[in-house]
$ cat query_21.txt   # compact mmCIF, C-alpha atoms and all ligand atoms
# COMPACT_ATOMS: atom_id res chain seq x y z
CA MET A 1 165.98 220.33 256.61
CA LYS A 2 169.72 220.69 256.83
CA SER A 3 170.29 217.25 258.26
CA LEU A 4 168.19 215.69 255.54
CA ALA A 5 170.35 217.21 252.84
CA THR A 6 173.48 215.92 254.54
CA HIS A 7 172.13 212.40 254.74
CA THR A 8 170.99 212.33 251.18
CA HIS A 9 174.41 213.49 250.11
CA SER A 10 176.18 210.75 252.01
CA PHE A 11 173.95 208.07 250.45
CA LYS A 12 174.78 209.37 247.01
CA ASN A 13 178.45 208.94 247.62
CA GLY A 14 178.11 205.34 248.60
CA PHE A 15 179.80 205.90 251.86
CA ASN A 16 181.50 209.06 252.74
CA SER A 17 184.44 208.39 254.86
CA VAL A 18 185.88 205.40 256.57
CA ALA A 19 187.27 207.47 259.41
CA ASN A 20 184.04 209.36 259.84
CA ASN A 21 181.57 207.67 262.17
CA SER A 22 178.50 208.31 260.07
CA THR A 23 175.05 206.79 260.47
CA LEU A 24 175.79 204.46 257.60
CA SER A 25 178.57 202.73 259.45
CA GLY A 26 178.04 199.71 261.63
CA LEU A 27 178.67 201.85 264.69
CA ARG A 28 175.64 203.35 266.26
CA PRO A 29 175.47 205.67 269.23
CA ALA A 30 173.15 204.45 271.96
CA SER A 31 170.85 207.43 271.45
CA LEU A 32 169.94 206.14 267.99
CA THR A 33 168.78 202.77 269.25
CA TYR A 34 165.12 202.60 268.45
CA LEU A 35 163.92 199.46 269.99
CA ASP A 36 164.61 198.10 273.39
CA THR A 37 163.18 194.74 272.62
CA GLY A 38 164.39 191.21 272.75
CA VAL A 39 163.29 190.90 269.15
CA LEU A 40 166.22 192.81 267.81
CA ASN A 41 168.92 191.68 270.18
CA SER A 42 170.71 189.87 267.41
CA GLN A 43 171.24 193.11 265.54
CA ARG A 44 172.00 195.46 268.37
CA ASN A 45 175.20 196.58 269.98
CA LYS A 46 177.50 195.11 267.42
CA LYS A 47 180.41 197.47 267.31
CA LYS A 48 182.15 196.23 264.24
CA SER A 49 184.66 198.21 262.28
CA ARG A 50 183.96 198.73 258.62
CA SER A 51 186.66 196.36 257.51
CA ASP A 52 185.16 193.69 259.77
CA THR A 53 181.74 194.41 258.30
CA PHE A 54 183.03 194.00 254.74
CA LYS A 55 184.82 190.83 255.72
CA ALA A 56 181.69 189.44 257.36
CA ARG A 57 179.65 190.14 254.23
CA GLN A 58 182.15 188.28 252.09
CA LYS A 59 182.00 185.34 254.49
CA THR A 60 178.20 185.33 254.32
CA LYS A 61 178.34 185.27 250.54
CA ARG A 62 180.82 182.40 250.44
CA HIS A 63 178.57 180.51 252.83
CA LEU A 64 175.50 181.13 250.67
CA ALA A 65 177.40 180.18 247.52
CA GLN A 66 178.38 176.88 249.11
CA LEU A 67 174.80 176.17 250.10
CA ALA A 68 173.61 177.07 246.62
CA SER A 69 175.91 174.54 244.98
CA LYS A 70 174.83 171.95 247.54
CA ILE A 71 171.20 172.30 246.54
CA ASN A 72 172.11 172.21 242.86
CA GLU A 73 171.81 175.92 242.04
CA PRO A 74 175.21 176.39 240.37
CA GLU A 75 174.17 179.58 238.61
CA LEU A 76 173.21 181.26 241.86
CA SER A 77 176.42 180.07 243.47
CA GLU A 78 178.53 181.51 240.65
CA LYS A 79 176.67 184.84 240.75
CA LEU A 80 177.20 185.20 244.49
CA LEU A 81 180.91 184.54 244.20
CA ARG A 82 181.26 187.02 241.36
CA CYS A 83 179.26 189.77 243.07
CA HIS A 84 181.55 192.49 244.47
CA SER A 85 184.58 190.24 243.91
CA ARG A 86 186.41 193.32 242.64
CA VAL A 87 185.73 196.97 243.44
CA GLY A 88 186.88 200.26 242.04
CA PHE A 89 186.94 203.33 244.25
CA LEU A 90 188.43 206.75 244.77
CA SER A 91 190.73 207.36 247.69
CA CYS A 92 192.97 210.05 249.09
CA GLY A 93 194.70 207.47 251.26
CA ARG A 94 192.63 208.37 254.30
CA HIS A 95 189.06 208.27 253.02
CA ILE A 96 187.19 206.21 250.49
CA HIS A 97 184.54 207.42 248.06
CA GLN A 98 182.40 206.01 245.29
CA VAL A 99 182.91 202.32 245.72
CA ILE A 100 181.80 200.61 242.54
CA PRO A 101 181.65 196.81 242.27
CA ASN A 102 182.53 194.81 239.17
CA TYR A 103 179.23 192.95 239.29
CA VAL A 104 176.02 192.85 241.34
CA CYS A 105 174.08 189.58 241.69
CA GLU A 106 170.85 191.19 242.97
CA PHE A 107 170.01 188.12 245.00
CA LYS A 108 167.79 189.14 247.91
CA LEU A 109 169.96 187.44 250.50
CA CYS A 110 173.25 188.82 249.21
CA PRO A 111 174.38 191.19 251.97
CA ASP A 112 176.11 193.55 249.53
CA CYS A 113 173.16 193.76 247.16
CA ALA A 114 170.59 194.05 249.95
CA ARG A 115 172.56 196.96 251.33
CA ARG A 116 172.82 198.70 247.98
CA LYS A 117 169.15 198.22 247.43
CA SER A 118 168.15 199.55 250.83
CA ARG A 119 170.27 202.65 250.27
CA LYS A 120 168.58 203.26 246.95
CA ARG A 121 165.23 202.79 248.61
CA VAL A 122 166.04 205.32 251.29
CA ASN A 123 167.04 207.81 248.60
CA LYS A 124 163.84 207.14 246.76
CA TYR A 125 161.45 207.20 249.70
CA LEU A 126 162.92 209.78 251.99
CA PRO A 127 161.90 212.89 250.02
CA ALA A 128 158.32 211.64 249.66
CA MET A 129 158.12 210.69 253.33
CA THR A 130 159.41 214.04 254.45
CA ALA A 131 156.92 215.84 252.24
CA PHE A 132 154.10 213.61 253.47
CA VAL A 133 154.91 214.26 257.12
CA ARG A 134 155.08 217.99 256.53
CA GLN A 135 151.90 218.26 254.48
CA ASN A 136 149.76 216.04 256.68
CA ARG A 137 151.21 217.00 260.05
CA VAL A 138 151.61 213.37 261.03
CA THR A 139 154.11 211.80 263.42
CA PRO A 140 156.25 208.98 262.06
CA VAL A 141 156.48 205.96 264.35
CA HIS A 142 158.38 202.70 264.07
CA LEU A 143 156.10 199.80 264.81
CA VAL A 144 157.23 196.18 265.00
CA LEU A 145 154.59 193.50 264.74
CA THR A 146 155.38 189.95 265.72
CA GLN A 147 153.40 186.78 266.04
CA THR A 148 153.53 183.55 267.99
CA HIS A 149 156.14 181.09 266.77
CA ASN A 150 154.57 178.06 265.21
CA ARG A 151 155.95 174.96 263.61
CA GLU A 152 155.46 176.00 259.98
CA THR A 153 157.38 176.74 256.79
CA ARG A 154 158.87 180.14 256.08
CA LYS A 155 156.18 180.72 253.51
CA GLN A 156 153.39 179.91 255.97
CA SER A 157 154.94 182.16 258.59
CA VAL A 158 155.10 185.09 256.16
CA LYS A 159 151.57 184.49 254.91
CA ARG A 160 150.19 184.36 258.42
CA LEU A 161 151.84 187.63 259.42
CA LYS A 162 151.02 189.47 256.20
CA SER A 163 147.38 188.50 256.28
CA ALA A 164 147.07 189.63 259.91
CA PHE A 165 148.59 192.95 258.89
CA ASP A 166 146.25 193.27 255.90
CA ASN A 167 143.35 192.81 258.28
CA LEU A 168 144.76 195.27 260.77
CA VAL A 169 145.03 198.12 258.25
CA ARG A 170 141.38 197.60 257.28
CA ARG A 171 140.24 198.15 260.86
CA ASP A 172 138.52 201.42 261.76
CA PHE A 173 140.88 201.88 264.68
CA TRP A 174 143.89 201.72 262.38
CA LYS A 175 142.37 204.05 259.78
CA ARG A 176 141.49 206.61 262.43
CA HIS A 177 145.05 206.70 263.73
CA PHE A 178 147.32 206.05 260.79
CA LYS A 179 147.60 207.72 257.43
CA GLY A 180 149.63 204.96 255.82
CA GLY A 181 153.32 204.23 255.76
CA THR A 182 155.80 201.57 254.68
CA TRP A 183 156.34 198.01 255.81
CA SER A 184 159.22 195.61 255.52
CA LEU A 185 159.76 192.01 256.50
CA GLU A 186 162.49 190.74 258.74
CA PHE A 187 163.22 187.06 259.18
CA THR A 188 165.20 185.34 261.83
CA LYS A 189 165.50 181.81 262.98
CA GLY A 190 165.00 181.14 266.65
CA LYS A 191 167.21 178.90 268.75
CA ASP A 192 164.19 176.60 268.78
CA GLY A 193 164.70 176.24 265.00
CA LEU A 194 161.39 177.96 264.26
CA HIS A 195 160.97 180.71 261.68
CA HIS A 196 160.46 184.10 263.26
CA THR A 197 158.98 186.76 261.03
CA HIS A 198 158.66 190.39 262.02
CA LEU A 199 157.01 193.26 260.25
CA HIS A 200 158.70 196.62 260.58
CA ILE A 201 156.41 199.52 259.88
CA ILE A 202 157.10 203.19 259.54
CA GLY A 203 153.62 204.45 260.21
CA PHE A 204 152.35 208.00 259.92
CA ARG A 205 150.28 208.50 263.02
CA ASN A 206 147.77 211.32 262.81
CA ARG A 207 146.56 211.13 266.39
CA PHE A 208 147.80 209.77 269.65
CA PHE A 209 146.38 206.56 271.08
CA ASP A 210 146.86 204.26 274.01
CA ILE A 211 149.17 201.41 273.01
CA SER A 212 146.98 198.89 274.80
CA LEU A 213 144.21 199.63 272.31
CA LEU A 214 146.50 198.80 269.40
CA ARG A 215 147.59 195.61 271.19
CA ALA A 216 143.95 194.61 271.52
CA GLU A 217 143.45 195.14 267.78
CA TRP A 218 146.54 193.08 267.00
CA LEU A 219 145.33 190.30 269.27
CA SER A 220 141.99 190.38 267.54
CA VAL A 221 143.45 189.98 264.02
CA THR A 222 146.11 187.41 264.94
CA GLY A 223 143.98 185.48 267.37
CA ASP A 224 146.93 184.84 269.68
CA SER A 225 149.47 187.63 269.73
CA LEU A 226 149.78 190.79 271.79
CA ASN A 227 153.33 191.26 270.71
CA LEU A 228 154.14 194.66 269.24
CA HIS A 229 156.53 197.51 269.90
CA LEU A 230 156.14 201.16 269.04
CA LYS A 231 158.62 204.00 269.15
CA PRO A 232 158.37 207.51 267.72
CA VAL A 233 160.87 208.28 264.99
CA THR A 234 162.44 211.51 266.12
CA GLU A 235 164.45 212.25 263.05
CA LEU A 236 162.90 210.91 259.90
CA SER A 237 166.07 210.26 257.94
CA LYS A 238 167.74 208.38 260.80
CA GLY A 239 164.63 206.46 261.75
CA LEU A 240 164.05 205.41 258.21
CA LEU A 241 167.61 204.27 257.83
CA GLU A 242 167.35 202.21 261.01
CA VAL A 243 164.32 200.39 259.71
CA PHE A 244 165.84 199.84 256.30
CA LYS A 245 168.91 198.43 257.98
CA TYR A 246 166.85 195.59 259.34
CA VAL A 247 165.61 194.86 255.88
CA SER A 248 169.07 194.94 254.42
CA LYS A 249 169.81 191.88 256.47
CA PRO A 250 166.48 190.13 256.20
CA LEU A 251 167.73 186.78 257.38
CA ASP A 252 170.23 185.37 259.73
CA THR A 253 171.99 183.86 256.74
CA ASP A 254 175.17 182.89 258.55
CA ARG A 255 173.21 180.23 260.39
CA PHE A 256 171.47 179.12 257.22
CA THR A 257 171.46 175.50 256.23
CA ALA A 258 170.99 174.16 252.69
CA GLU A 259 167.42 173.40 253.68
CA ASP A 260 166.85 177.02 254.73
CA LEU A 261 168.10 178.29 251.40
CA ARG A 262 165.86 175.89 249.52
CA ASP A 263 162.99 177.09 251.71
CA PHE A 264 163.78 180.71 250.92
CA LEU A 265 164.01 180.11 247.17
CA LYS A 266 160.39 179.00 247.30
CA LEU A 267 159.57 182.60 248.17
CA ARG A 268 161.10 183.89 244.95
CA ASN A 269 158.40 186.42 244.20
CA LEU A 270 157.98 187.56 247.75
CA HIS A 271 158.06 191.28 248.32
CA LEU A 272 160.10 192.19 251.36
CA PHE A 273 158.98 195.78 251.31
CA GLY A 274 156.00 197.94 250.41
CA SER A 275 153.92 200.95 251.26
CA PHE A 276 150.29 201.21 252.31
CA GLY A 277 147.42 203.61 252.96
CA GLU A 278 147.37 207.20 251.76
CA PHE A 279 151.12 207.29 251.62
CA ARG A 280 151.13 204.73 248.83
CA ALA A 281 149.27 206.96 246.38
CA PHE A 282 151.13 210.02 247.58
CA ARG A 283 154.48 208.40 246.94
CA SER A 284 153.66 207.21 243.45
CA ASP A 285 152.51 210.70 242.49
CA TYR A 286 155.47 212.28 244.17
CA VAL A 287 158.28 210.26 242.64
CA VAL A 288 158.64 210.72 238.93
CA ALA A 289 161.24 208.13 238.04
CA ASP A 290 160.31 204.71 239.29
CA ASP A 291 163.28 202.62 238.29
CA ASP A 292 164.30 200.62 241.32
CA LYS A 293 166.81 198.49 239.47
CA VAL A 294 170.39 198.50 240.65
CA SER A 295 172.22 200.32 237.92
CA LEU A 296 174.96 198.38 236.26
CA PRO A 297 178.40 199.20 237.56
CA ASP A 298 180.51 201.42 235.42
CA TYR A 299 184.07 202.21 236.39
CA SER A 300 184.14 205.34 234.29
CA ARG A 301 181.31 207.05 236.21
CA TYR A 302 182.08 208.54 239.59
CA GLY A 303 179.27 211.04 239.95
CA ASP A 304 180.51 214.45 240.97
CA LEU A 305 183.87 213.17 242.12
CA GLY A 306 186.66 212.07 239.85
CA VAL A 307 190.35 211.32 239.77
CA GLY A 308 192.14 214.46 240.97
CA SER A 309 189.07 215.86 242.78
CA VAL A 310 189.62 217.29 246.22
CA CYS A 311 188.59 214.78 248.90
CA PRO A 312 185.37 216.14 250.47
CA SER A 313 185.75 214.34 253.83
CA ASP A 314 186.47 216.22 257.06
CA ASN A 315 188.20 219.18 255.35
CA CYS A 316 190.73 216.65 254.16
CA GLY A 317 191.78 218.50 251.01
CA ARG A 318 193.95 215.71 249.59
CA LEU A 319 193.49 214.65 246.01
CA LEU A 320 191.59 211.52 245.06
CA ALA A 321 193.16 208.72 243.08
CA GLU A 322 191.48 205.74 241.48
CA LYS A 323 192.08 202.33 243.06
CA ARG A 324 190.99 198.83 242.17
CA ARG A 325 191.12 195.91 244.53
CA SER A 326 189.89 192.37 244.94
CA ALA A 327 187.34 191.89 247.72
CA ALA A 328 190.06 190.74 250.12
CA GLY A 329 192.39 193.53 248.99
CA PHE A 330 189.67 196.07 249.65
CA VAL A 331 189.22 194.80 253.23
CA LYS A 332 192.97 195.20 253.74
CA TYR A 333 192.87 198.72 252.33
CA VAL A 334 190.03 199.75 254.64
CA LYS A 335 191.76 198.12 257.61
CA LYS A 336 194.94 200.09 256.89
CA ILE A 337 192.95 203.35 256.90
CA GLU A 338 191.25 202.41 260.16
CA ASP A 339 194.56 201.61 261.81
CA CYS A 340 195.94 205.02 260.81
CA ALA A 341 192.86 206.99 261.89
CA PRO A 342 193.20 208.83 265.18
CA SER A 343 190.75 207.36 267.67
ZN ZN B 1 190.41 212.47 252.36
ZN ZN B 2 175.17 190.54 245.35
$ encode --input "query_21.txt" --output "structure tokens" --more "lines below"
Ligand SMILES: [Zn+2]
Ligand SMILES: [Zn+2]
Amino acid sequence: MKSLATHTHSFKNGFNSVANNSTLSGLRPASLTYLDTGVLNSQRNKKKSRSDTFKARQKTKRHLAQLASKINEPELSEKLLRCHSRVGFLSCGRHIHQVIPNYVCEFKLCPDCARRKSRKRVNKYLPAMTAFVRQNRVTPVHLVLTQTHNRETRKQSVKRLKSAFDNLVRRDFWKRHFKGGTWSLEFTKGKDGLHHTHLHIIGFRNRFFDISLLRAEWLSVTGDSLNLHLKPVTELSKGLLEVFKYVSKPLDTDRFTAEDLRDFLKLRNLHLFGSFGEFRAFRSDYVVADDDKVSLPDYSRYGDLGVGSVCPSDNCGRLLAEKRRSAAGFVKYVKKIEDCAPS
């Protein structure tokens, strides 16, 4: 379980090192690509640097804030612009640790908040998942369920997919082969302008089956779709992170119109994530603290690291100093580190 400990540690520190090509960065080695499907083309093979990623998130937020004021949601617009507009962090000049924002808006479409939330979720779920896999001798798989694309609202699309899934997990076939798991929703918008909704599942498979049998079950509950993809998750922590990554960008928000945002706000109470089957009960017994709220930022708290601590990245050994930057200033700072890093 050595790798698990390492991953958990890096989540705790926000992100470990800008120069270090960790699994939390936007860069992903080909071997970690889970799905060879057209479904996920939009999110694959984007080799963005971290500074570019931060910049892109800020752009997305500005875009959303503009849309929000257009549809007369000034409060939401103001929150989005304030969120992560300043950050405090520790740096040795070559690595960055413990990035703490001035404010978090907690809006589901905010790329910064969705990312924070997904990281917290991984921290919360990973220990229970690992224990569940070990105790039940099950194999984790990543399953993506999709449906035909109809002319319908976002809400109708989600309802249709969720109810098909609810029916699927009640089937004998499903119960015989899966001992529960987690699900999360991913939304995209097709070039045809239709809402595409996908369900990402980390399922705990307790016996092998022929994929065509599962397809037949899916066809039977949807009435018209054979479309699903299944891949084993070889390393639980990485596989889980991959799936959560999709959730952390649940919508193609850069292409959002004011109408799309209005449509999304109608889903206010929609859960984008959940667990099912035996794992559900297991998890709630396993995890003691159940506070999923993003904790309020506090510049004075830096976890184990503090001003003057030795930088823990790559045997760096330099001392950490506290920095504060605006969002744009932070991008510049990260870019400077990237430009200095040996490639
Ligand atoms: Zn360092
Ligand atoms: Zn936010």
$ closest_residue --input "query_21.txt" --among "A:Val99, A:Ile211, A:Val87, A:Cys110" --to "ligand ZN 2 (chain B)" --atoms "all atoms listed in the file"
A:Cys110
$ residues_around --input "query_21.txt" --residues "range 187-204 of chain A" --least-positions-apart "4" --cutoff "9 Å" --atoms "only C-alpha atoms" --output "JSON, numbers by chain"
{"A": [39, 132, 133, 138, 139, 140, 141, 142, 143, 144, 145, 146, 147, 148, 149, 150, 151, 152, 153, 154, 157, 158, 161, 162, 165, 177, 178, 179, 180, 181, 182, 183, 233, 239, 240, 243, 244, 246, 247, 249, 250, 251, 252, 253, 255, 256, 279]}
$ write_last_selection --input "query_21.txt" --atoms "C-alpha atoms" --output "PDB file, in the coordinates of the input"
ATOM      1  CA  VAL A  39     163.290 190.900 269.150  1.00  0.00           C
ATOM      2  CA  PHE A 132     154.100 213.610 253.470  1.00  0.00           C
ATOM      3  CA  VAL A 133     154.910 214.260 257.120  1.00  0.00           C
ATOM      4  CA  VAL A 138     151.610 213.370 261.030  1.00  0.00           C
ATOM      5  CA  THR A 139     154.110 211.800 263.420  1.00  0.00           C
ATOM      6  CA  PRO A 140     156.250 208.980 262.060  1.00  0.00           C
ATOM      7  CA  VAL A 141     156.480 205.960 264.350  1.00  0.00           C
ATOM      8  CA  HIS A 142     158.380 202.700 264.070  1.00  0.00           C
ATOM      9  CA  LEU A 143     156.100 199.800 264.810  1.00  0.00           C
ATOM     10  CA  VAL A 144     157.230 196.180 265.000  1.00  0.00           C
ATOM     11  CA  LEU A 145     154.590 193.500 264.740  1.00  0.00           C
ATOM     12  CA  THR A 146     155.380 189.950 265.720  1.00  0.00           C
ATOM     13  CA  GLN A 147     153.400 186.780 266.040  1.00  0.00           C
ATOM     14  CA  THR A 148     153.530 183.550 267.990  1.00  0.00           C
ATOM     15  CA  HIS A 149     156.140 181.090 266.770  1.00  0.00           C
ATOM     16  CA  ASN A 150     154.570 178.060 265.210  1.00  0.00           C
ATOM     17  CA  ARG A 151     155.950 174.960 263.610  1.00  0.00           C
ATOM     18  CA  GLU A 152     155.460 176.000 259.980  1.00  0.00           C
ATOM     19  CA  THR A 153     157.380 176.740 256.790  1.00  0.00           C
ATOM     20  CA  ARG A 154     158.870 180.140 256.080  1.00  0.00           C
ATOM     21  CA  SER A 157     154.940 182.160 258.590  1.00  0.00           C
ATOM     22  CA  VAL A 158     155.100 185.090 256.160  1.00  0.00           C
ATOM     23  CA  LEU A 161     151.840 187.630 259.420  1.00  0.00           C
ATOM     24  CA  LYS A 162     151.020 189.470 256.200  1.00  0.00           C
ATOM     25  CA  PHE A 165     148.590 192.950 258.890  1.00  0.00           C
ATOM     26  CA  HIS A 177     145.050 206.700 263.730  1.00  0.00           C
ATOM     27  CA  PHE A 178     147.320 206.050 260.790  1.00  0.00           C
ATOM     28  CA  LYS A 179     147.600 207.720 257.430  1.00  0.00           C
ATOM     29  CA  GLY A 180     149.630 204.960 255.820  1.00  0.00           C
ATOM     30  CA  GLY A 181     153.320 204.230 255.760  1.00  0.00           C
ATOM     31  CA  THR A 182     155.800 201.570 254.680  1.00  0.00           C
ATOM     32  CA  TRP A 183     156.340 198.010 255.810  1.00  0.00           C
ATOM     33  CA  VAL A 233     160.870 208.280 264.990  1.00  0.00           C
ATOM     34  CA  GLY A 239     164.630 206.460 261.750  1.00  0.00           C
ATOM     35  CA  LEU A 240     164.050 205.410 258.210  1.00  0.00           C
ATOM     36  CA  VAL A 243     164.320 200.390 259.710  1.00  0.00           C
ATOM     37  CA  PHE A 244     165.840 199.840 256.300  1.00  0.00           C
ATOM     38  CA  TYR A 246     166.850 195.590 259.340  1.00  0.00           C
ATOM     39  CA  VAL A 247     165.610 194.860 255.880  1.00  0.00           C
ATOM     40  CA  LYS A 249     169.810 191.880 256.470  1.00  0.00           C
ATOM     41  CA  PRO A 250     166.480 190.130 256.200  1.00  0.00           C
ATOM     42  CA  LEU A 251     167.730 186.780 257.380  1.00  0.00           C
ATOM     43  CA  ASP A 252     170.230 185.370 259.730  1.00  0.00           C
ATOM     44  CA  THR A 253     171.990 183.860 256.740  1.00  0.00           C
ATOM     45  CA  ARG A 255     173.210 180.230 260.390  1.00  0.00           C
ATOM     46  CA  PHE A 256     171.470 179.120 257.220  1.00  0.00           C
ATOM     47  CA  PHE A 279     151.120 207.290 251.620  1.00  0.00           C
TER      48      PHE A 279
END
$ closest_atom_pairs --input "query_21.txt" --of "chain A" --to "ligand ZN 1 (chain B)" --cutoff "7 Å" --atoms "only C-alpha atoms and all ligand atoms" --output "JSON lines"
{"residue": "A:Ser91", "atom": "CA", "partner": "B:ZN1", "partner_atom": "ZN", "distance": 6.9}
{"residue": "A:Cys92", "atom": "CA", "partner": "B:ZN1", "partner_atom": "ZN", "distance": 4.8}
{"residue": "A:Gly93", "atom": "CA", "partner": "B:ZN1", "partner_atom": "ZN", "distance": 6.7}
{"residue": "A:Arg94", "atom": "CA", "partner": "B:ZN1", "partner_atom": "ZN", "distance": 5.0}
{"residue": "A:His95", "atom": "CA", "partner": "B:ZN1", "partner_atom": "ZN", "distance": 4.5}
{"residue": "A:Cys311", "atom": "CA", "partner": "B:ZN1", "partner_atom": "ZN", "distance": 4.5}
{"residue": "A:Pro312", "atom": "CA", "partner": "B:ZN1", "partner_atom": "ZN", "distance": 6.5}
{"residue": "A:Ser313", "atom": "CA", "partner": "B:ZN1", "partner_atom": "ZN", "distance": 5.2}
{"residue": "A:Cys316", "atom": "CA", "partner": "B:ZN1", "partner_atom": "ZN", "distance": 4.6}
{"residue": "A:Gly317", "atom": "CA", "partner": "B:ZN1", "partner_atom": "ZN", "distance": 6.3}
{"residue": "A:Arg318", "atom": "CA", "partner": "B:ZN1", "partner_atom": "ZN", "distance": 5.5}
$ closest_residue --input "query_21.txt" --among "A:Leu270, A:Ala65, A:Val307, A:Leu236" --to "Met129 in chain A" --atoms "only C-alpha atoms"
A:Leu236
$ atom_distance --input "query_21.txt" --atom1 "CA of Phe209 in chain A" --atom2 "CA of Pro232 in chain A"
12.5 Å
$ residues_near_ligand --input "query_21.txt" --ligand "ligand ZN 2 (chain B)" --cutoff "9 Å" --atoms "all atoms listed in the file" --output "list in words"
Lys61, Lys79, Leu80, Leu81, Arg82, Cys83, His84, Tyr103, Val104, Cys105, Glu106, Phe107, Lys108, Leu109, Cys110, Pro111, Asp112, Cys113, Ala114 and Arg116 of chain A
$ closest_residue --input "query_21.txt" --among "A:Lys120, A:Lys70, A:Lys175, A:Arg205" --to "Leu261 in chain A" --atoms "only C-alpha atoms"
A:Lys70
$ decode --input "query_21.txt" --residues "range 134-140 of chain A" --atoms "all heavy atoms" --output "mmCIF file, in the first residue's frame"
data_model
loop_
_atom_site.group_PDB
_atom_site.id
_atom_site.type_symbol
_atom_site.label_atom_id
_atom_site.label_comp_id
_atom_site.auth_asym_id
_atom_site.auth_seq_id
_atom_site.Cartn_x
_atom_site.Cartn_y
_atom_site.Cartn_z
ATOM 1 N N ARG A 134 -10.185 -5.026 -0.580
ATOM 2 C CA ARG A 134 -9.373 -6.022 0.123
ATOM 3 C C ARG A 134 -10.267 -7.032 0.840
ATOM 4 O O ARG A 134 -10.083 -8.242 0.708
ATOM 5 C CB ARG A 134 -8.458 -5.307 1.121
ATOM 6 C CG ARG A 134 -7.268 -6.126 1.573
ATOM 7 C CD ARG A 134 -6.388 -5.342 2.532
ATOM 8 N NE ARG A 134 -7.167 -4.682 3.569
ATOM 9 C CZ ARG A 134 -7.096 -3.375 3.853
ATOM 10 N NH1 ARG A 134 -6.307 -2.593 3.167
ATOM 11 N NH2 ARG A 134 -7.836 -2.855 4.810
ATOM 12 N N GLN A 135 -11.247 -6.543 1.559
ATOM 13 C CA GLN A 135 -12.084 -7.431 2.370
ATOM 14 C C GLN A 135 -13.000 -8.322 1.538
ATOM 15 O O GLN A 135 -13.304 -9.434 1.919
ATOM 16 C CB GLN A 135 -12.931 -6.604 3.345
ATOM 17 C CG GLN A 135 -12.111 -6.042 4.491
ATOM 18 C CD GLN A 135 -12.951 -5.153 5.391
ATOM 19 O OE1 GLN A 135 -14.159 -5.333 5.500
ATOM 20 N NE2 GLN A 135 -12.305 -4.193 6.042
ATOM 21 N N ASN A 136 -13.449 -7.804 0.398
ATOM 22 C CA ASN A 136 -14.409 -8.578 -0.396
ATOM 23 C C ASN A 136 -13.790 -9.275 -1.592
ATOM 24 O O ASN A 136 -14.483 -9.955 -2.338
ATOM 25 C CB ASN A 136 -15.528 -7.656 -0.884
ATOM 26 C CG ASN A 136 -16.385 -7.146 0.255
ATOM 27 O OD1 ASN A 136 -17.146 -7.905 0.846
ATOM 28 N ND2 ASN A 136 -16.224 -5.882 0.593
ATOM 29 N N ARG A 137 -12.496 -9.074 -1.776
ATOM 30 C CA ARG A 137 -11.798 -9.653 -2.921
ATOM 31 C C ARG A 137 -12.512 -9.373 -4.235
ATOM 32 O O ARG A 137 -12.777 -10.262 -5.032
ATOM 33 C CB ARG A 137 -11.627 -11.171 -2.732
ATOM 34 C CG ARG A 137 -10.723 -11.494 -1.569
ATOM 35 C CD ARG A 137 -10.766 -12.978 -1.244
ATOM 36 N NE ARG A 137 -10.016 -13.248 -0.030
ATOM 37 C CZ ARG A 137 -8.710 -13.384 0.031
ATOM 38 N NH1 ARG A 137 -7.981 -13.285 -1.054
ATOM 39 N NH2 ARG A 137 -8.114 -13.624 1.185
ATOM 40 N N VAL A 138 -12.854 -8.116 -4.439
ATOM 41 C CA VAL A 138 -13.519 -7.714 -5.680
ATOM 42 C C VAL A 138 -12.530 -6.974 -6.572
ATOM 43 O O VAL A 138 -11.493 -6.516 -6.108
ATOM 44 C CB VAL A 138 -14.743 -6.795 -5.399
ATOM 45 C CG1 VAL A 138 -15.897 -7.594 -4.839
ATOM 46 C CG2 VAL A 138 -14.357 -5.665 -4.446
ATOM 47 N N THR A 139 -12.868 -6.882 -7.857
ATOM 48 C CA THR A 139 -12.018 -6.166 -8.806
ATOM 49 C C THR A 139 -12.678 -4.846 -9.177
ATOM 50 O O THR A 139 -13.814 -4.853 -9.666
ATOM 51 C CB THR A 139 -11.856 -6.992 -10.102
ATOM 52 O OG1 THR A 139 -11.452 -8.307 -9.752
ATOM 53 C CG2 THR A 139 -10.838 -6.353 -11.035
ATOM 54 N N PRO A 140 -12.011 -3.725 -8.946
ATOM 55 C CA PRO A 140 -12.627 -2.460 -9.354
ATOM 56 C C PRO A 140 -12.570 -2.279 -10.873
ATOM 57 O O PRO A 140 -11.540 -2.549 -11.493
ATOM 58 C CB PRO A 140 -11.783 -1.388 -8.656
ATOM 59 C CG PRO A 140 -10.532 -2.057 -8.222
ATOM 60 C CD PRO A 140 -10.724 -3.539 -8.266
#
